[in-house]
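Participant: If it helps, the file is called start-v1.txt and holds compact mmCIF, C-alpha atoms and all ligand atoms:
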```txt
# COMPACT_ATOMS: atom_id res chain seq x y z
CA MET T 17 13.52 3.60 19.27
CA SER T 18 11.51 0.71 17.90
CA ILE T 19 8.65 1.45 15.53
CA LYS T 20 5.04 0.38 15.79
CA VAL T 21 2.71 0.51 12.80
CA VAL T 22 -0.90 1.01 13.82
CA LYS T 23 -3.93 0.34 11.66
CA PHE T 24 -7.42 1.51 12.55
CA GLY T 25 -10.49 -0.10 11.01
CA GLY T 26 -13.76 1.39 9.80
CA THR T 27 -15.59 1.52 13.14
CA SER T 28 -12.63 3.35 14.68
CA MET T 29 -12.90 5.97 11.89
CA ALA T 30 -16.71 6.16 11.85
CA ASP T 31 -17.22 9.57 13.49
CA ALA T 32 -15.43 12.45 15.23
CA LYS T 33 -15.71 10.87 18.66
CA SER T 34 -14.02 7.64 17.60
CA ILE T 35 -11.36 9.52 15.61
CA ARG T 36 -10.52 11.51 18.75
CA GLN T 37 -10.16 8.23 20.58
CA VAL T 38 -7.84 7.00 17.80
CA ALA T 39 -5.68 10.13 18.17
CA GLU T 40 -5.54 9.62 21.92
CA ILE T 41 -4.32 6.02 21.49
CA ILE T 42 -1.65 7.06 19.00
CA LYS T 43 -0.36 9.89 21.18
CA GLN T 44 -0.04 7.57 24.19
CA ASP T 45 2.93 5.75 22.69
CA LYS T 46 5.71 7.58 20.83
CA GLU T 47 6.63 4.39 19.00
CA ARG T 48 3.28 4.52 17.12
CA ARG T 49 4.81 6.39 14.19
CA TYR T 50 3.05 5.11 11.10
CA VAL T 51 -0.72 5.05 10.96
CA VAL T 52 -2.88 3.24 8.38
CA VAL T 53 -6.59 4.00 8.26
CA SER T 54 -9.75 2.51 6.78
CA ALA T 55 -12.68 4.50 5.42
CA PRO T 56 -15.39 5.45 7.93
CA GLY T 57 -17.49 2.39 8.72
CA LYS T 58 -20.88 2.01 10.36
CA ARG T 59 -21.83 4.17 13.38
CA PHE T 60 -24.86 2.01 14.18
CA SER T 61 -26.17 -1.25 12.74
CA GLN T 62 -28.43 0.28 10.06
CA ASP T 63 -25.75 2.76 8.93
CA HIS T 64 -23.79 2.47 5.65
CA LYS T 65 -20.05 2.04 5.28
CA VAL T 66 -18.50 4.82 3.21
CA THR T 67 -16.83 2.20 0.98
CA ASP T 68 -20.22 0.64 0.19
CA MET T 69 -21.59 4.11 -0.67
CA LEU T 70 -18.62 4.71 -2.98
CA TYR T 71 -19.27 1.46 -4.82
CA ALA T 72 -22.90 2.62 -5.08
CA CYS T 73 -21.65 5.87 -6.66
CA TYR T 74 -19.81 3.86 -9.30
CA HIS T 75 -22.96 1.84 -9.92
CA ASP T 76 -25.03 5.05 -10.28
CA MET T 77 -22.46 6.41 -12.73
CA GLN T 78 -22.82 3.36 -14.96
CA ILE T 79 -26.60 3.81 -15.10
CA ASN T 80 -27.12 7.58 -14.98
CA GLY T 81 -23.72 8.97 -15.94
CA GLU T 82 -23.55 10.74 -12.56
CA CYS T 83 -23.80 9.95 -8.86
CA LYS T 84 -24.71 13.26 -7.24
CA ALA T 85 -27.41 11.99 -4.86
CA THR T 86 -25.23 9.23 -3.40
CA PHE T 87 -22.10 11.36 -3.34
CA ASP T 88 -23.96 14.09 -1.42
CA LYS T 89 -24.51 11.60 1.40
CA ILE T 90 -20.77 10.88 1.49
CA ARG T 91 -20.09 14.63 1.39
CA GLU T 92 -22.33 15.17 4.41
CA ARG T 93 -20.63 12.36 6.27
CA PHE T 94 -17.12 13.79 5.83
CA LYS T 95 -18.21 17.39 6.38
CA GLY T 96 -19.86 16.32 9.64
CA ILE T 97 -16.68 14.59 10.81
CA VAL T 98 -14.45 17.59 10.01
CA LYS T 99 -16.88 20.02 11.65
CA ASP T 100 -17.27 17.91 14.81
CA LEU T 101 -13.51 17.59 15.05
CA GLY T 102 -13.24 21.39 14.83
CA LEU T 103 -10.63 21.20 12.07
CA GLY T 104 -9.76 24.14 9.80
CA LEU T 105 -9.34 21.70 6.88
CA ASP T 106 -11.06 22.83 3.64
CA ILE T 107 -12.75 19.44 3.15
CA ASP T 108 -15.13 20.85 0.52
CA SER T 109 -12.34 21.39 -1.95
CA TYR T 110 -11.09 17.82 -1.38
CA LEU T 111 -14.62 16.49 -1.90
CA ASP T 112 -15.12 18.56 -5.08
CA LYS T 113 -11.89 17.18 -6.50
CA VAL T 114 -12.79 13.59 -5.52
CA GLU T 115 -16.23 13.86 -7.15
CA LYS T 116 -14.75 15.23 -10.37
CA GLU T 117 -12.02 12.58 -10.51
CA MET T 118 -14.48 9.78 -9.86
CA LEU T 119 -16.42 10.81 -12.95
CA LYS T 120 -13.24 11.31 -14.95
CA TYR T 121 -11.62 7.92 -14.17
CA ASN T 122 -14.91 6.00 -14.10
CA SER T 123 -13.33 3.08 -12.25
CA ALA T 124 -14.88 1.08 -9.41
CA GLU T 125 -11.49 0.73 -7.72
CA PHE T 126 -10.77 4.44 -7.88
CA CYS T 127 -14.21 5.27 -6.44
CA ALA T 128 -13.87 2.71 -3.64
CA SER T 129 -10.41 3.99 -2.66
CA ARG T 130 -11.58 7.53 -1.92
CA GLY T 131 -12.96 6.65 1.52
CA GLU T 132 -9.50 5.68 2.77
CA TYR T 133 -7.97 8.69 1.00
CA LEU T 134 -10.24 11.23 2.72
CA SER T 135 -10.07 9.39 6.04
CA ALA T 136 -6.25 9.60 5.97
CA VAL T 137 -6.23 13.30 5.00
CA ILE T 138 -8.41 14.03 8.04
CA THR T 139 -6.42 11.82 10.43
CA ALA T 140 -3.12 13.41 9.31
CA GLU T 141 -4.62 16.83 10.06
CA VAL T 142 -5.83 15.73 13.51
CA LEU T 143 -2.44 14.27 14.45
CA GLY T 144 -0.23 16.83 12.71
CA TYR T 145 1.46 13.92 10.86
CA GLU T 146 2.48 13.91 7.22
CA PHE T 147 -0.03 12.48 4.70
CA ILE T 148 1.54 9.94 2.31
CA ASP T 149 -0.70 8.92 -0.60
CA ALA T 150 -0.85 5.13 -0.90
CA LYS T 151 -1.06 5.57 -4.68
CA ASP T 152 2.63 6.56 -4.68
CA VAL T 153 4.04 3.89 -2.37
CA MET T 154 1.86 0.77 -2.59
CA ILE T 155 2.75 -0.58 -6.02
CA PHE T 156 0.44 -2.62 -8.24
CA ASP T 157 1.08 -3.76 -11.81
CA ALA T 158 -1.18 -2.75 -14.69
CA ASN T 159 -3.27 -5.92 -14.22
CA GLY T 160 -4.07 -4.88 -10.68
CA ASP T 161 -1.75 -7.44 -9.04
CA PHE T 162 0.08 -6.23 -5.97
CA ASP T 163 3.88 -6.04 -6.33
CA SER T 164 5.09 -6.77 -2.80
CA GLU T 165 8.83 -6.49 -3.39
CA SER T 166 8.78 -3.14 -5.28
CA THR T 167 6.39 -1.82 -2.64
CA ASN T 168 8.70 -2.92 0.16
CA GLU T 169 11.61 -0.98 -1.37
CA LYS T 170 9.47 2.05 -2.12
CA VAL T 171 7.81 2.32 1.29
CA LYS T 172 11.17 1.81 2.99
CA SER T 173 12.85 4.59 1.02
CA VAL T 174 9.99 7.08 1.42
CA LEU T 175 9.30 6.52 5.12
CA GLU T 176 13.02 6.55 5.99
CA ASN T 177 12.80 10.32 5.66
CA VAL T 178 9.43 10.79 7.34
CA GLU T 179 9.31 10.70 11.13
CA ARG T 180 5.52 10.20 11.44
CA ALA T 181 2.92 9.64 8.75
CA VAL T 182 -0.64 8.61 7.97
CA VAL T 183 -1.15 6.34 4.94
CA PRO T 184 -4.57 5.39 3.56
CA GLY T 185 -5.20 1.63 3.58
CA PHE T 186 -6.84 -0.57 0.93
CA TYR T 187 -5.34 0.87 -2.27
CA GLY T 188 -2.22 1.66 -4.24
CA GLY T 189 -1.29 2.67 -7.75
CA ASP T 190 0.48 1.37 -10.85
CA SER T 191 3.27 3.05 -12.82
CA GLU T 192 0.68 5.03 -14.83
CA GLY T 193 -0.82 6.39 -11.61
CA ILE T 194 -3.97 4.27 -11.96
CA VAL T 195 -5.49 3.31 -8.62
CA HIS T 196 -5.97 -0.37 -7.69
CA THR T 197 -7.46 -1.82 -4.51
CA PHE T 198 -6.93 -4.97 -2.47
CA SER T 199 -9.95 -7.17 -1.80
CA ARG T 200 -12.49 -5.96 0.80
CA GLY T 201 -11.02 -5.41 4.23
CA GLY T 202 -7.63 -4.88 2.56
CA SER T 203 -6.45 -2.05 4.83
CA ASP T 204 -5.26 -4.84 7.14
CA VAL T 205 -2.92 -5.93 4.35
CA SER T 206 -1.70 -2.34 3.77
CA GLY T 207 -0.78 -2.07 7.46
CA ALA T 208 1.13 -5.37 7.34
CA VAL T 209 3.02 -4.30 4.22
CA ILE T 210 4.10 -1.05 5.87
CA ALA T 211 5.06 -2.83 9.10
CA ARG T 212 7.40 -5.06 7.12
CA ALA T 213 8.92 -2.19 5.12
CA VAL T 214 9.79 -0.03 8.14
CA GLY T 215 11.01 -3.03 10.17
CA ALA T 216 8.36 -2.51 12.85
CA SER T 217 8.70 -4.28 16.19
CA LEU T 218 4.92 -4.65 16.31
CA TYR T 219 1.92 -4.27 13.99
CA GLU T 220 -1.07 -3.13 16.01
CA ASN T 221 -4.40 -3.72 14.33
CA TRP T 222 -7.08 -1.72 16.14
CA THR T 223 -10.65 -2.85 15.60
CA ASP T 224 -13.91 -2.98 17.54
CA VAL T 225 -13.53 -6.33 19.34
CA ASN T 226 -11.14 -7.58 22.02
CA GLY T 227 -9.35 -9.90 19.58
CA PHE T 228 -10.08 -13.47 18.51
CA MET T 229 -12.42 -15.65 20.50
CA SER T 230 -11.89 -19.40 20.73
CA ALA T 231 -15.37 -19.97 19.23
CA ASP T 232 -18.18 -17.92 17.71
CA PRO T 233 -19.86 -16.09 20.63
CA ARG T 234 -23.21 -16.34 18.82
CA ILE T 235 -22.99 -20.11 19.26
CA VAL T 236 -20.94 -20.69 22.42
CA ASP T 237 -21.68 -18.69 25.59
CA ASN T 238 -18.71 -16.62 26.70
CA PRO T 239 -15.99 -18.39 24.72
CA LYS T 240 -12.47 -17.82 26.02
CA PRO T 241 -10.58 -14.99 24.30
CA ILE T 242 -7.44 -16.17 22.51
CA GLU T 243 -4.44 -14.42 24.07
CA THR T 244 -1.80 -15.76 21.71
CA LEU T 245 -2.11 -17.35 18.31
CA SER T 246 0.49 -18.49 15.76
CA TYR T 247 0.41 -17.21 12.16
CA LYS T 248 -0.44 -20.75 11.03
CA GLU T 249 -3.34 -21.10 13.46
CA LEU T 250 -4.64 -17.74 12.35
CA ARG T 251 -4.53 -18.78 8.68
CA GLU T 252 -6.60 -21.87 9.45
CA LEU T 253 -9.15 -20.04 11.62
CA ALA T 254 -9.44 -17.04 9.29
CA TYR T 255 -9.92 -19.27 6.26
CA MET T 256 -12.73 -21.05 8.07
CA GLY T 257 -14.59 -17.85 8.82
CA ALA T 258 -13.04 -16.18 11.89
CA ASN T 259 -12.93 -12.79 10.20
CA VAL T 260 -11.28 -10.38 12.61
CA LEU T 261 -8.32 -9.85 10.28
CA HIS T 262 -7.88 -10.11 6.49
CA PRO T 263 -6.28 -13.57 6.02
CA GLU T 264 -3.60 -12.21 3.66
CA SER T 265 -2.24 -9.86 6.33
CA ILE T 266 0.07 -12.61 7.52
CA PHE T 267 2.26 -12.84 4.42
CA PRO T 268 4.10 -9.48 4.66
CA VAL T 269 4.83 -9.70 8.39
CA ARG T 270 5.76 -13.38 8.30
CA VAL T 271 8.94 -12.54 6.36
CA SER T 272 10.38 -10.69 9.36
CA LYS T 273 8.36 -12.45 12.10
CA ILE T 274 6.69 -9.22 13.21
CA PRO T 275 3.94 -9.94 15.74
CA ILE T 276 0.43 -8.61 15.12
CA ASN T 277 -1.58 -7.39 18.07
CA ILE T 278 -5.35 -7.17 17.60
CA ARG T 279 -6.64 -4.42 19.90
CA ASN T 280 -9.98 -2.78 20.62
CA THR T 281 -10.18 1.01 20.06
CA PHE T 282 -13.20 1.12 22.35
CA CYS T 283 -11.55 -0.88 25.14
CA PRO T 284 -7.87 0.06 24.90
CA THR T 285 -7.00 -1.44 28.28
CA ALA T 286 -7.68 -4.99 26.99
CA ASP T 287 -4.52 -6.80 25.79
CA GLY T 288 -6.30 -8.25 22.77
CA THR T 289 -4.87 -11.15 20.77
CA MET T 290 -1.17 -11.43 19.95
CA ILE T 291 -0.37 -13.24 16.71
CA VAL T 292 3.19 -14.56 16.64
CA ALA T 293 5.46 -16.59 14.36
CA GLU T 294 5.78 -19.46 16.80
CA LEU T 295 4.26 -20.36 20.14
CA ASP T 296 6.72 -21.09 22.94
CA GLU T 297 6.54 -24.15 25.19
CA LYS T 298 4.77 -22.21 27.91
CA GLU T 299 1.97 -21.17 25.56
CA LEU T 300 1.67 -24.66 24.13
CA SER T 301 1.37 -26.27 27.52
CA LYS T 302 -1.54 -23.99 28.44
CA ARG T 303 -4.04 -25.44 26.01
CA VAL T 304 -4.81 -28.28 23.63
CA ILE T 305 -6.91 -26.36 21.13
CA THR T 306 -6.69 -22.69 20.24
CA GLY T 307 -9.98 -22.16 18.50
CA ILE T 308 -12.91 -23.59 16.58
CA ALA T 309 -14.33 -22.06 13.40
CA GLY T 310 -16.69 -23.27 10.75
CA LYS T 311 -18.42 -22.60 7.48
CA LYS T 312 -21.71 -23.72 6.01
CA GLY T 313 -22.53 -24.42 2.37
CA TYR T 314 -20.58 -27.47 1.16
CA SER T 315 -21.27 -30.64 -0.79
CA ILE T 316 -19.34 -33.89 -0.90
CA ILE T 317 -18.93 -35.94 -4.05
CA TYR T 318 -18.54 -39.46 -2.71
CA ILE T 319 -16.98 -42.05 -5.03
CA GLU T 320 -16.59 -45.78 -4.41
CA LYS T 321 -14.69 -48.27 -6.52
CA SER T 322 -13.09 -51.56 -5.51
CA MET T 323 -9.30 -51.49 -5.82
CA MET T 324 -9.38 -47.74 -6.47
CA ASN T 325 -6.08 -47.39 -4.65
CA SER T 326 -4.17 -49.57 -7.07
CA GLU T 327 -5.68 -47.99 -10.19
CA LEU T 328 -3.00 -45.72 -11.58
CA GLY T 329 -4.16 -42.13 -12.27
CA PHE T 330 -7.60 -42.55 -10.65
CA VAL T 331 -7.44 -39.41 -8.51
CA ARG T 332 -5.86 -37.39 -11.30
CA LYS T 333 -8.64 -38.31 -13.73
CA VAL T 334 -11.35 -37.28 -11.27
CA LEU T 335 -9.61 -34.02 -10.43
CA ALA T 336 -9.14 -33.24 -14.12
CA VAL T 337 -12.93 -33.31 -14.52
CA LEU T 338 -13.33 -30.76 -11.73
CA GLU T 339 -10.60 -28.59 -13.19
CA TYR T 340 -12.27 -28.72 -16.58
CA TYR T 341 -15.50 -27.40 -15.04
CA ASN T 342 -13.59 -24.73 -13.11
CA ILE T 343 -14.44 -26.15 -9.71
CA SER T 344 -11.97 -25.74 -6.89
CA ILE T 345 -11.90 -28.33 -4.16
CA GLU T 346 -11.60 -27.82 -0.44
CA HIS T 347 -10.65 -31.27 0.92
CA LEU T 348 -9.92 -34.66 -0.50
CA PRO T 349 -9.86 -37.48 2.03
CA THR T 350 -9.36 -40.89 0.42
CA GLY T 351 -9.69 -44.50 1.61
CA ILE T 352 -8.69 -47.80 -0.01
CA ASP T 353 -11.83 -48.04 -2.14
CA THR T 354 -13.40 -44.61 -1.50
CA MET T 355 -12.79 -40.97 -2.10
CA SER T 356 -14.66 -37.89 -0.88
CA ILE T 357 -14.29 -34.54 -2.56
CA VAL T 358 -15.49 -31.57 -0.55
CA ILE T 359 -16.62 -28.62 -2.66
CA PRO T 360 -18.20 -25.27 -1.80
CA ASP T 361 -21.83 -25.22 -3.01
CA ASN T 362 -21.36 -22.04 -5.01
CA GLU T 363 -18.65 -23.75 -7.11
CA LEU T 364 -20.79 -26.77 -7.89
CA ALA T 365 -24.15 -25.04 -8.39
CA GLY T 366 -25.78 -25.92 -11.72
CA LYS T 367 -22.95 -28.30 -12.74
CA GLU T 368 -23.90 -31.33 -10.60
CA ASP T 369 -25.26 -33.54 -13.40
CA VAL T 370 -22.54 -32.90 -15.96
CA VAL T 371 -19.83 -33.44 -13.38
CA ILE T 372 -21.29 -36.77 -12.22
CA GLU T 373 -21.77 -37.98 -15.80
CA ARG T 374 -18.23 -37.04 -16.74
CA ILE T 375 -16.68 -38.72 -13.68
CA LYS T 376 -18.71 -41.87 -14.41
CA LYS T 377 -17.32 -41.86 -17.92
CA VAL T 378 -13.66 -41.40 -17.04
CA VAL T 379 -13.29 -43.71 -14.02
CA ASP T 380 -16.35 -45.98 -14.12
CA PRO T 381 -17.02 -46.01 -10.35
CA ASP T 382 -19.10 -48.69 -8.56
CA HIS T 383 -21.01 -45.91 -6.83
CA ILE T 384 -21.07 -42.12 -6.97
CA GLU T 385 -23.33 -39.61 -5.22
CA ILE T 386 -23.45 -36.00 -4.10
CA LYS T 387 -24.20 -35.39 -0.44
CA SER T 388 -25.28 -31.79 0.02
CA GLY T 389 -26.14 -29.66 3.05
CA ILE T 390 -22.69 -30.12 4.59
CA SER T 391 -20.87 -27.77 6.99
CA LEU T 392 -17.21 -27.90 7.85
CA ILE T 393 -15.84 -27.31 11.33
CA ALA T 394 -12.13 -26.77 11.92
CA THR T 395 -10.68 -27.43 15.35
CA VAL T 396 -7.32 -25.74 15.38
CA GLY T 397 -4.35 -25.77 17.74
CA HIS T 398 -0.65 -26.67 17.72
CA GLY T 399 -1.32 -28.19 21.14
CA MET T 400 -3.14 -31.11 19.49
CA SER T 401 0.03 -32.50 17.95
CA TYR T 402 1.54 -32.78 21.47
CA LYS T 403 -1.45 -34.26 23.17
CA PRO T 404 -2.39 -37.86 22.33
CA GLY T 405 -6.12 -38.48 22.11
CA SER T 406 -7.18 -35.08 20.71
CA ALA T 407 -8.90 -36.64 17.71
CA SER T 408 -10.71 -39.10 19.93
CA THR T 409 -11.91 -36.28 22.23
CA LEU T 410 -13.35 -34.55 19.19
CA VAL T 411 -14.94 -37.61 17.64
CA GLY T 412 -16.22 -38.75 21.04
CA ALA T 413 -17.88 -35.38 21.67
CA LEU T 414 -19.78 -35.63 18.39
CA ALA T 415 -20.73 -39.28 18.96
CA LYS T 416 -22.13 -38.43 22.38
CA GLU T 417 -24.38 -35.86 20.73
CA LYS T 418 -25.33 -38.44 18.06
CA ILE T 419 -23.87 -36.23 15.34
CA ASN T 420 -22.83 -38.19 12.29
CA ILE T 421 -19.39 -37.31 10.86
CA ARG T 422 -19.63 -37.33 7.06
CA MET T 423 -15.99 -36.54 6.48
CA ILE T 424 -12.90 -36.10 8.62
CA ASP T 425 -9.56 -34.69 7.54
CA GLN T 426 -6.57 -34.04 9.71
CA GLY T 427 -4.26 -31.47 8.14
CA SER T 428 -0.72 -32.77 7.61
CA SER T 429 0.59 -30.29 10.17
CA GLU T 430 -1.47 -32.09 12.87
CA MET T 431 -2.74 -28.75 14.10
CA ASN T 432 -6.10 -28.85 12.41
CA ILE T 433 -8.87 -31.45 12.37
CA ILE T 434 -11.71 -30.74 9.99
CA VAL T 435 -15.01 -32.54 10.17
CA GLY T 436 -17.87 -32.41 7.70
CA ILE T 437 -21.30 -32.73 9.31
CA ALA T 438 -24.91 -32.03 8.28
CA THR T 439 -25.62 -28.29 8.42
CA SER T 440 -28.60 -28.98 10.69
CA ASP T 441 -26.07 -30.22 13.32
CA TYR T 442 -23.71 -27.24 12.91
CA GLU T 443 -24.40 -25.25 16.10
CA ARG T 444 -24.73 -28.37 18.25
CA ALA T 445 -21.45 -29.74 16.92
CA ILE T 446 -19.50 -26.55 17.68
CA LYS T 447 -20.92 -26.44 21.19
CA ALA T 448 -20.06 -30.11 21.78
CA ILE T 449 -16.47 -29.82 20.54
CA TYR T 450 -15.89 -26.63 22.51
CA ALA T 451 -17.20 -28.17 25.71
CA ALA T 452 -15.15 -31.36 25.28
CA PHE T 453 -11.86 -29.47 25.11
CA GLN T 454 -12.60 -27.29 28.13
CA LYS T 455 -12.35 -30.28 30.44
N1 LIG T 501 -12.83 0.16 3.37
C1 LIG T 501 -12.51 -1.07 2.77
C2 LIG T 501 -13.65 -2.06 2.98
O1 LIG T 501 -14.69 -1.70 3.52
C3 LIG T 501 -11.20 -1.62 3.18
C4 LIG T 501 -10.99 -1.77 4.66
O2 LIG T 501 -11.72 -1.22 5.47
O3 LIG T 501 -10.06 -2.47 5.04
O4 LIG T 501 -13.53 -3.18 2.58
```
Let me see whether you can do it: turn the structure in this file into structure tokens.
Ligand code: ASP
Facilitator:
Amino acid sequence: MSIKVVKFGGTSMADAKSIRQVAEIIKQDKERRYVVVSAPGKRFSQDHKVTDMLYACYHDMQINGECKATFDKIRERFKGIVKDLGLGLDIDSYLDKVEKEMLKYNSAEFCASRGEYLSAVITAEVLGYEFIDAKDVMIFDANGDFDSESTNEKVKSVLENVERAVVPGFYGGDSEGIVHTFSRGGSDVSGAVIARAVGASLYENWTDVNGFMSADPRIVDNPKPIETLSYKELRELAYMGANVLHPESIFPVRVSKIPINIRNTFCPTADGTMIVAELDEKELSKRVITGIAGKKGYSIIYIEKSMMNSELGFVRKVLAVLEYYNISIEHLPTGIDTMSIVIPDNELAGKEDVVIERIKKVVDPDHIEIKSGISLIATVGHGMSYKPGSASTLVGALAKEKINIRMIDQGSSEMNIIVGIATSDYERAIKAIYAAFQK
């Protein structure tokens, strides 16, 4: 029998009703043997995520030496869930122990991890599955860096002997038993790691939307849902802000080409989005672009110098300045006599003048300026490399709307064209590009 690893996000774990729905989904398919859960998320828009409340506990502890008031809210939340589920679980004793240990270890990562821990204890009880503590199988080193290969061996050897289990997402432990967490949203990564280790045929990631949309629905009316997406397309879209799945979730499953299926706990009949290693011809012929995503908040350092191209070491000297000031760059399109460096505003903030002065000194440009208020829009799709004229469709759509392109960069894989435009044109530009590719 093939194995499916299923991960449920915070909204799916938010209250007893949604947890019952989760159990129902799992029980519908015998192949859903290993379950990874997030901490309870928001039940309504003004609600708090348990993980945020746990970070608040840590904050309280640093100021007052205790966190009783905030922890009591978390206690109520979990007690309510257990009561509404009608479980015989003695959740109070778990909560007492968690509160004591949080004070004892006094670590933000330990505090934050307890939401997933308690969520998994409850889910294991509901399903009658074994609880496996992530601290013992997801291995980090003492610096808090995740050790993927040791984890792969460990998870494989432990789960080989366990028919069905629930594992908390988001955290793991080092050889001293100290708890470390992934970055926010990291339960997606935990699920992918486990899918790889058990050789799953599919990694199902259950969330609260019907998968990826081909554009932001707040900007484009009724954008098409994306049925199938390649790992590479997902990386590009996720990096540019399409945040349905933690972008690092791809790496573990990519090794064994395990597909990821994004599904909606609250609409389980929808097929969701399937993320696969490679798109077949049939998929590719269906569309030119797969999706559009974008991010605001960039600046461009624009440099001009005659004969720049033949000046040995020019680019290196400029980049060395940015490295010196700890500024990472996003894109670097160059021309014969020009060069544009795209930088996130938060990297450049407060350093503008020193950076310009330093660049002037090392390369003596004819002209240098910073253009701020830039947004980047990525138009992504393997289909573009097969279809001549994709770039001209995109550029034409922006020209028709009289939107000035400040920067354009086509990724070397030919599956991604990025344009830099003024942030005031952002929404209009996304709408125009989307519309142009629907024809
Ligand atoms: N609970 C954690 C967070 O809110 C991790 C996760 O849900 O994936 O970031």
Participant: Write out as a ChimeraX atom specification each polymer residue whose atoms come within 12 Å of T:Ser440, counting all atoms listed in the file; drop sequence neighbours fewer than 6 positions from it.
Facilitator: /T:312-313,388-392,419-420,446
Participant: As an mmCIF file with C-alpha atoms, keeping the file's coordinate frame, please: the residues near T:Cys83 (cut-off 10 Å, all atoms listed in the file, same-chain neighbours under 3 positions excluded).
Facilitator:
```
data_model
loop_
_atom_site.group_PDB
_atom_site.id
_atom_site.type_symbol
_atom_site.label_atom_id
_atom_site.label_comp_id
_atom_site.auth_asym_id
_atom_site.auth_seq_id
_atom_site.Cartn_x
_atom_site.Cartn_y
_atom_site.Cartn_z
ATOM 1 C CA LEU T 70 -18.620 4.710 -2.980
ATOM 2 C CA ALA T 72 -22.900 2.620 -5.080
ATOM 3 C CA CYS T 73 -21.650 5.870 -6.660
ATOM 4 C CA TYR T 74 -19.810 3.860 -9.300
ATOM 5 C CA HIS T 75 -22.960 1.840 -9.920
ATOM 6 C CA ASP T 76 -25.030 5.050 -10.280
ATOM 7 C CA MET T 77 -22.460 6.410 -12.730
ATOM 8 C CA GLN T 78 -22.820 3.360 -14.960
ATOM 9 C CA ILE T 79 -26.600 3.810 -15.100
ATOM 10 C CA ASN T 80 -27.120 7.580 -14.980
ATOM 11 C CA THR T 86 -25.230 9.230 -3.400
ATOM 12 C CA PHE T 87 -22.100 11.360 -3.340
ATOM 13 C CA ASP T 88 -23.960 14.090 -1.420
ATOM 14 C CA GLU T 115 -16.230 13.860 -7.150
ATOM 15 C CA MET T 118 -14.480 9.780 -9.860
ATOM 16 C CA LEU T 119 -16.420 10.810 -12.950
#
```
Participant: When the cut-off is 8 Å and you count all atoms listed in the file, which residues lie near ligand LIG 501 (chain T), shown as a count of residues only?
Facilitator: 25
Participant: Would you compute the distance between atom CA of T:Ser34 and atom CA of T:Ile19? Give it in Å to one decimal.
Facilitator: 23.6 Å
Participant: Counting all atoms listed in the file, what is within 10 Å of T:Ser401, bar same-chain residues fewer than 5 positions away, as a ChimeraX atom specification?
Facilitator: /T:304-305,406-407,429-432
Participant: Using the file's own x, y and z axes, what box holds all listed atoms of stretch 320-326 of chain T with 4 Å on each side, keeping edges along x, y and z, and what are its centre and edge lengths in Å to one decimal, as AutoDock Vina command-line options?
Facilitator:
```
--center_x -10.4 --center_y -48.7 --center_z -5.7 --size_x 20.4 --size_y 13.8 --size_z 10.7
```
Participant: Please identify all polymer residues within 9 Å of T:Leu143, counting all atoms listed in the file, omitting same-chain residues fewer than 2 positions from it, and present them as a list of chain:residue names.
Facilitator: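 My reading of the contact set: T:Ala39, T:Ile42, T:Lys43, T:Ile138, T:Thr139, T:Ala140, T:Glu141, T:Tyr145, T:Glu146, T:Val182.
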Participant: Go ahead and dump the residues you just picked, C-alpha atoms, as a PDB file, in the coordinates of the input.
Facilitator:
```
ATOM      1  CA  ALA T  39      -5.680  10.130  18.170  1.00  0.00           C
ATOM      2  CA  ILE T  42      -1.650   7.060  19.000  1.00  0.00           C
ATOM      3  CA  LYS T  43      -0.360   9.890  21.180  1.00  0.00           C
ATOM      4  CA  ILE T 138      -8.410  14.030   8.040  1.00  0.00           C
ATOM      5  CA  THR T 139      -6.420  11.820  10.430  1.00  0.00           C
ATOM      6  CA  ALA T 140      -3.120  13.410   9.310  1.00  0.00           C
ATOM      7  CA  GLU T 141      -4.620  16.830  10.060  1.00  0.00           C
ATOM      8  CA  TYR T 145       1.460  13.920  10.860  1.00  0.00           C
ATOM      9  CA  GLU T 146       2.480  13.910   7.220  1.00  0.00           C
ATOM     10  CA  VAL T 182      -0.640   8.610   7.970  1.00  0.00           C
TER      11      VAL T 182
END
```
Participant: Calculated over only C-alpha atoms, which of the candidates T:Val153, T:Ala216, T:Ile194, T:Leu134 has the smallest distance to T:Tyr50?
Facilitator: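 Ranking T:Val153, T:Ala216, T:Ile194, T:Leu134 by distance to T:Tyr50, first place goes to T:Ala216.
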Participant: Of the candidates T:His64, T:Lys151, T:Arg303, T:Lys170, which one gets nearest to T:Lys455 if we count all atoms listed in the file?
Facilitator: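 Comparing T:His64, T:Lys151, T:Arg303, T:Lys170 against T:Lys455, the winner is T:Arg303.
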Participant: Every residue with an atom at most 12 Å from (-17.9, 9.8, 16.4) (file coordinates; all atoms listed in the file) is what I'm after, so could you write them as a list of chain:residue names?
Facilitator: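 Output: T:Gly26, T:Thr27, T:Ser28, T:Met29, T:Ala30, T:Asp31, T:Ala32, T:Lys33, T:Ser34, T:Ile35, T:Arg36, T:Gln37, T:Val38, T:Pro56, T:Gly57, T:Lys58, T:Arg59, T:Phe60, T:Arg93, T:Phe94, T:Gly96, T:Ile97, T:Val98, T:Lys99, T:Asp100, T:Leu101, T:Phe282.
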Participant: Which polymer residues have any atom within 7 Å of an atom of T:Phe228, counting all atoms listed in the file, with same-chain residues fewer than 3 positions away left out, as a list in words?
Facilitator: Pro241, Ile242, Val260 and Thr289 of chain T
Participant: Go ahead and find all residues with at least one atom no further than 12 Å from (-11.3, 0.0, 26.0) in the file's coordinates, using all atoms listed in the file; report them as a PyMOL selection string.
Facilitator: chain T and resi 28+34+37-38+40-41+222-227+279-288
